[in-house]
Every structure is written in C-alpha cells, then in structure tokens.
Amino acid sequence: MEFFILWVILVIAVGIIAGSKNRSAFGWVALSVILTPLVGIILLCLPTKEASVTSNSQAKVFSIDNETKKCPVCAEAIKLEAKKCHYCGEEFNDVEVKRQVDARRVELARLAEGKKQCPECKSWDVYRTVLWTGTAADYCPHCKKPLKKMRK
C-alpha cells in the first residue's frame, strides 16, 4: 500500500515538473505510469521547451521591411527605404533616407529588447517604478516625472 501511494506521489510530481518545463504534463504522467516515475529524473535533465506562440497578436515581429513613412508631398504611405514615391514621383535625398532607416533600425532593436521610449524627450532610459501612491508607472529620469501613456 505504501508503495502505491509513493508511486502516485511520484507520478504527480512528474506531471508538475513537466508542466513547469512547458512540456505535456499528461504525456509525461502517462509515460511514468506505464514505465516508472523515475522517468521524471530524465525530465529533470531535459532543457525547458520554448513556449510556442500561436496567434499573431501575441507575436510582435520587428522588421524594417514592414515599416512605412508618409510622403511629404502626396501624404501616401510608402516604404521607409523608398528613395522615390511611386504615387507622385517625389524623390528623396539618399542621405536622409539612410538616416531614417538607421534610426528606425535602432528603435526596432530597442523595442525588441523590451525597452520603452519617453514620448517627451525621446530618451530610452525609461524604467518601471512604484509611485508613492502604491501604483506602478513608467518613469523618465530626464523628464523627472511618471509617464501615463508610453509608446511601445
């Protein structure tokens, strides 16, 4: 009887460990019931499985190819790297286009790292803090104030 209780406890432990490692808890429980709960030792040696993202709303892909700018002449959206507007034919300065693309690449890299930009001073030093009211807010050390709406 004690052996059966120990077996059940170990099987449940295998399921909990599998779930914490983003693996199928049911599959590992079934495997440990069929074989032995000691299979959980093998589970502990395996690396954590990366959680897969199924919806596009959760996965934010940062790509310079998806970026657009507004043509100053006709106000149509064109690709950021465009040197000529295909709507009105306006040509853009090569140096200015390169500067815009490089600036956006830096911004996308920082966004991909999870950093936030202050909408006031455009600083990337914004961090999350707890205010004296007990609520959490984003704070810019350059503007010296908590920010309500942050650009992600």
# chains A, B, ... in the order shown; residues from 1 in each chain; ligands from 1

$ residues_around --residues "Gln117 (chain A)" --least-positions-apart "3" --cutoff "12 Å" --atoms "only C-alpha atoms" --output "JSON, numbers by chain"
{"A": [106, 107, 108, 110, 111, 113, 114, 120, 121, 122, 123, 124, 125, 126, 127, 128, 138, 139, 140, 141, 142, 143, 147, 149, 150, 151, 152]}

$ write_last_selection --atoms "N, CA and C atoms" --output "mmCIF file, in the first residue's frame"
data_model
loop_
_atom_site.group_PDB
_atom_site.id
_atom_site.type_symbol
_atom_site.label_atom_id
_atom_site.label_comp_id
_atom_site.auth_asym_id
_atom_site.auth_seq_id
_atom_site.Cartn_x
_atom_site.Cartn_y
_atom_site.Cartn_z
ATOM 1 N N VAL A 106 17.586 51.111 -35.104
ATOM 2 C CA VAL A 106 17.984 51.214 -33.700
ATOM 3 C C VAL A 106 16.748 51.158 -32.811
ATOM 4 N N GLU A 107 15.709 51.887 -33.208
ATOM 5 C CA GLU A 107 14.466 51.899 -32.432
ATOM 6 C C GLU A 107 13.832 50.511 -32.374
ATOM 7 N N LEU A 108 13.807 49.798 -33.501
ATOM 8 C CA LEU A 108 13.234 48.450 -33.528
ATOM 9 C C LEU A 108 14.043 47.486 -32.676
ATOM 10 N N ARG A 110 15.730 48.259 -29.988
ATOM 11 C CA ARG A 110 15.422 48.563 -28.590
ATOM 12 C C ARG A 110 14.028 48.075 -28.213
ATOM 13 N N LEU A 111 13.080 48.197 -29.119
ATOM 14 C CA LEU A 111 11.734 47.685 -28.858
ATOM 15 C C LEU A 111 11.750 46.173 -28.715
ATOM 16 N N GLU A 113 14.120 44.436 -27.550
ATOM 17 C CA GLU A 113 14.703 44.145 -26.238
ATOM 18 C C GLU A 113 13.726 44.426 -25.106
ATOM 19 N N GLY A 114 12.593 45.051 -25.408
ATOM 20 C CA GLY A 114 11.598 45.352 -24.389
ATOM 21 C C GLY A 114 11.760 46.724 -23.763
ATOM 22 N N GLU A 120 8.146 62.374 -24.434
ATOM 23 C CA GLU A 120 8.505 63.785 -24.288
ATOM 24 C C GLU A 120 9.913 64.067 -24.816
ATOM 25 N N CYS A 121 10.924 63.399 -24.218
ATOM 26 C CA CYS A 121 12.315 63.714 -24.540
ATOM 27 C C CYS A 121 12.969 62.678 -25.457
ATOM 28 N N LYS A 122 12.221 61.618 -25.828
ATOM 29 C CA LYS A 122 12.704 60.556 -26.723
ATOM 30 C C LYS A 122 13.862 59.743 -26.129
ATOM 31 N N SER A 123 14.026 59.778 -24.815
ATOM 32 C CA SER A 123 15.067 59.012 -24.134
ATOM 33 C C SER A 123 14.636 57.547 -24.017
ATOM 34 N N TRP A 124 15.618 56.633 -24.040
ATOM 35 C CA TRP A 124 15.338 55.205 -23.890
ATOM 36 C C TRP A 124 15.641 54.739 -22.464
ATOM 37 N N ASP A 125 15.801 55.669 -21.512
ATOM 38 C CA ASP A 125 16.145 55.326 -20.135
ATOM 39 C C ASP A 125 14.920 55.100 -19.252
ATOM 40 N N VAL A 126 13.747 54.987 -19.840
ATOM 41 C CA VAL A 126 12.508 54.822 -19.086
ATOM 42 C C VAL A 126 12.520 53.476 -18.359
ATOM 43 N N TYR A 127 12.090 53.484 -17.105
ATOM 44 C CA TYR A 127 12.003 52.252 -16.335
ATOM 45 C C TYR A 127 10.718 52.230 -15.525
ATOM 46 N N ARG A 128 10.354 51.049 -15.060
ATOM 47 C CA ARG A 128 9.129 50.858 -14.289
ATOM 48 C C ARG A 128 9.445 51.089 -12.824
ATOM 49 N N ASP A 138 5.557 54.001 -15.436
ATOM 50 C CA ASP A 138 6.811 54.214 -16.136
ATOM 51 C C ASP A 138 7.342 55.583 -15.742
ATOM 52 N N TYR A 139 8.664 55.673 -15.561
ATOM 53 C CA TYR A 139 9.280 56.905 -15.083
ATOM 54 C C TYR A 139 10.467 57.261 -15.966
ATOM 55 N N CYS A 140 10.539 58.512 -16.390
ATOM 56 C CA CYS A 140 11.668 59.003 -17.184
ATOM 57 C C CYS A 140 12.563 59.836 -16.276
ATOM 58 N N PRO A 141 13.821 59.440 -16.083
ATOM 59 C CA PRO A 141 14.700 60.210 -15.206
ATOM 60 C C PRO A 141 15.095 61.564 -15.795
ATOM 61 N N HIS A 142 14.964 61.743 -17.096
ATOM 62 C CA HIS A 142 15.316 63.014 -17.718
ATOM 63 C C HIS A 142 14.193 64.040 -17.548
ATOM 64 N N CYS A 143 12.957 63.586 -17.738
ATOM 65 C CA CYS A 143 11.804 64.484 -17.562
ATOM 66 C C CYS A 143 11.437 64.642 -16.093
ATOM 67 N N LEU A 147 5.199 58.755 -16.380
ATOM 68 C CA LEU A 147 4.537 58.917 -17.671
ATOM 69 C C LEU A 147 3.280 58.073 -17.716
ATOM 70 N N LYS A 149 1.055 57.565 -20.589
ATOM 71 C CA LYS A 149 0.965 56.763 -21.803
ATOM 72 C C LYS A 149 2.348 56.605 -22.400
ATOM 73 N N MET A 150 2.770 55.369 -22.538
ATOM 74 C CA MET A 150 4.085 55.098 -23.107
ATOM 75 C C MET A 150 3.932 54.484 -24.482
ATOM 76 N N ARG A 151 4.851 54.814 -25.355
ATOM 77 C CA ARG A 151 4.900 54.218 -26.687
ATOM 78 C C ARG A 151 5.700 52.946 -26.598
ATOM 79 N N LYS A 152 5.138 51.837 -27.070
ATOM 80 C CA LYS A 152 5.864 50.566 -27.014
ATOM 81 C C LYS A 152 6.629 50.340 -28.261
#

$ residues_around --residues "region 75-77 of chain A" --least-positions-apart "6" --cutoff "8 Å" --atoms "only C-alpha atoms" --output "number ranges by chain"
A: 68-69, 87

$ residues_around --residues "Val8 (chain A)" --least-positions-apart "3" --cutoff "12 Å" --atoms "only C-alpha atoms" --output "PyMOL selection string"
chain A and resi 1-5+11-15+29-30+32-33+36-38

$ write_last_selection --atoms "N, CA and C atoms" --output "tab-separated table (two decimals), in the first residue's frame"
chain	number	residue	atom	x	y	z
A	1	MET	N	0.82	-1.20	0.00
A	1	MET	CA	0.00	0.00	0.00
A	1	MET	C	0.86	1.27	0.00
A	2	GLU	N	1.92	1.27	0.83
A	2	GLU	CA	2.81	2.43	0.87
A	2	GLU	C	3.51	2.62	-0.47
A	3	PHE	N	3.82	1.52	-1.13
A	3	PHE	CA	4.48	1.58	-2.44
A	3	PHE	C	3.56	2.26	-3.46
A	4	PHE	N	2.27	1.93	-3.43
A	4	PHE	CA	1.31	2.52	-4.35
A	4	PHE	C	1.17	4.03	-4.11
A	5	ILE	N	1.11	4.44	-2.85
A	5	ILE	CA	0.99	5.87	-2.52
A	5	ILE	C	2.24	6.61	-2.98
A	11	VAL	N	4.29	10.08	-9.61
A	11	VAL	CA	3.65	10.34	-10.90
A	11	VAL	C	3.12	11.77	-10.94
A	12	ILE	N	2.51	12.24	-9.87
A	12	ILE	CA	2.02	13.62	-9.81
A	12	ILE	C	3.18	14.60	-9.88
A	13	ALA	N	4.27	14.29	-9.21
A	13	ALA	CA	5.46	15.15	-9.25
A	13	ALA	C	6.00	15.25	-10.67
A	14	VAL	N	5.99	14.15	-11.39
A	14	VAL	CA	6.46	14.16	-12.79
A	14	VAL	C	5.57	15.09	-13.61
A	15	GLY	N	4.26	15.05	-13.41
A	15	GLY	CA	3.34	15.92	-14.13
A	15	GLY	C	3.59	17.40	-13.83
A	29	VAL	N	2.93	12.10	-17.51
A	29	VAL	CA	2.25	11.31	-16.47
A	29	VAL	C	1.92	9.91	-17.02
A	30	ALA	N	1.38	9.88	-18.25
A	30	ALA	CA	1.05	8.59	-18.86
A	30	ALA	C	2.31	7.74	-19.05
A	32	SER	N	5.07	7.90	-17.28
A	32	SER	CA	5.58	7.45	-15.99
A	32	SER	C	4.69	6.40	-15.35
A	33	VAL	N	3.40	6.39	-15.67
A	33	VAL	CA	2.52	5.31	-15.17
A	33	VAL	C	2.86	4.01	-15.87
A	36	THR	N	7.81	4.00	-15.32
A	36	THR	CA	8.12	4.19	-13.91
A	36	THR	C	8.20	5.69	-13.63
A	37	PRO	N	7.87	6.12	-12.43
A	37	PRO	CA	8.00	7.53	-12.12
A	37	PRO	C	9.45	8.03	-12.17
A	38	LEU	N	10.38	7.12	-12.17
A	38	LEU	CA	11.77	7.52	-12.25
A	38	LEU	C	12.11	8.16	-13.59

$ closest_residue --among "A:Ile9, A:Trp28, A:Arg23, A:Glu81" --to "Arg105 (chain A)" --atoms "only C-alpha atoms"
A:Glu81

$ closest_residue --among "A:Asn22, A:Ala82, A:Leu6, A:Ala136" --to "Lys70 (chain A)" --atoms "only C-alpha atoms"
A:Ala82

$ select_by_dssp --residues "region 4-148 of chain A" --states "strand (DSSP E or B)" --output "PyMOL selection string"
chain A and resi 68-70+77-79+84+91+117+127-130+136-140+145-147

$ residues_around --residues "Lys83 (chain A)" --least-positions-apart "3" --cutoff "9 Å" --atoms "only C-alpha atoms" --output "count of residues only"
8
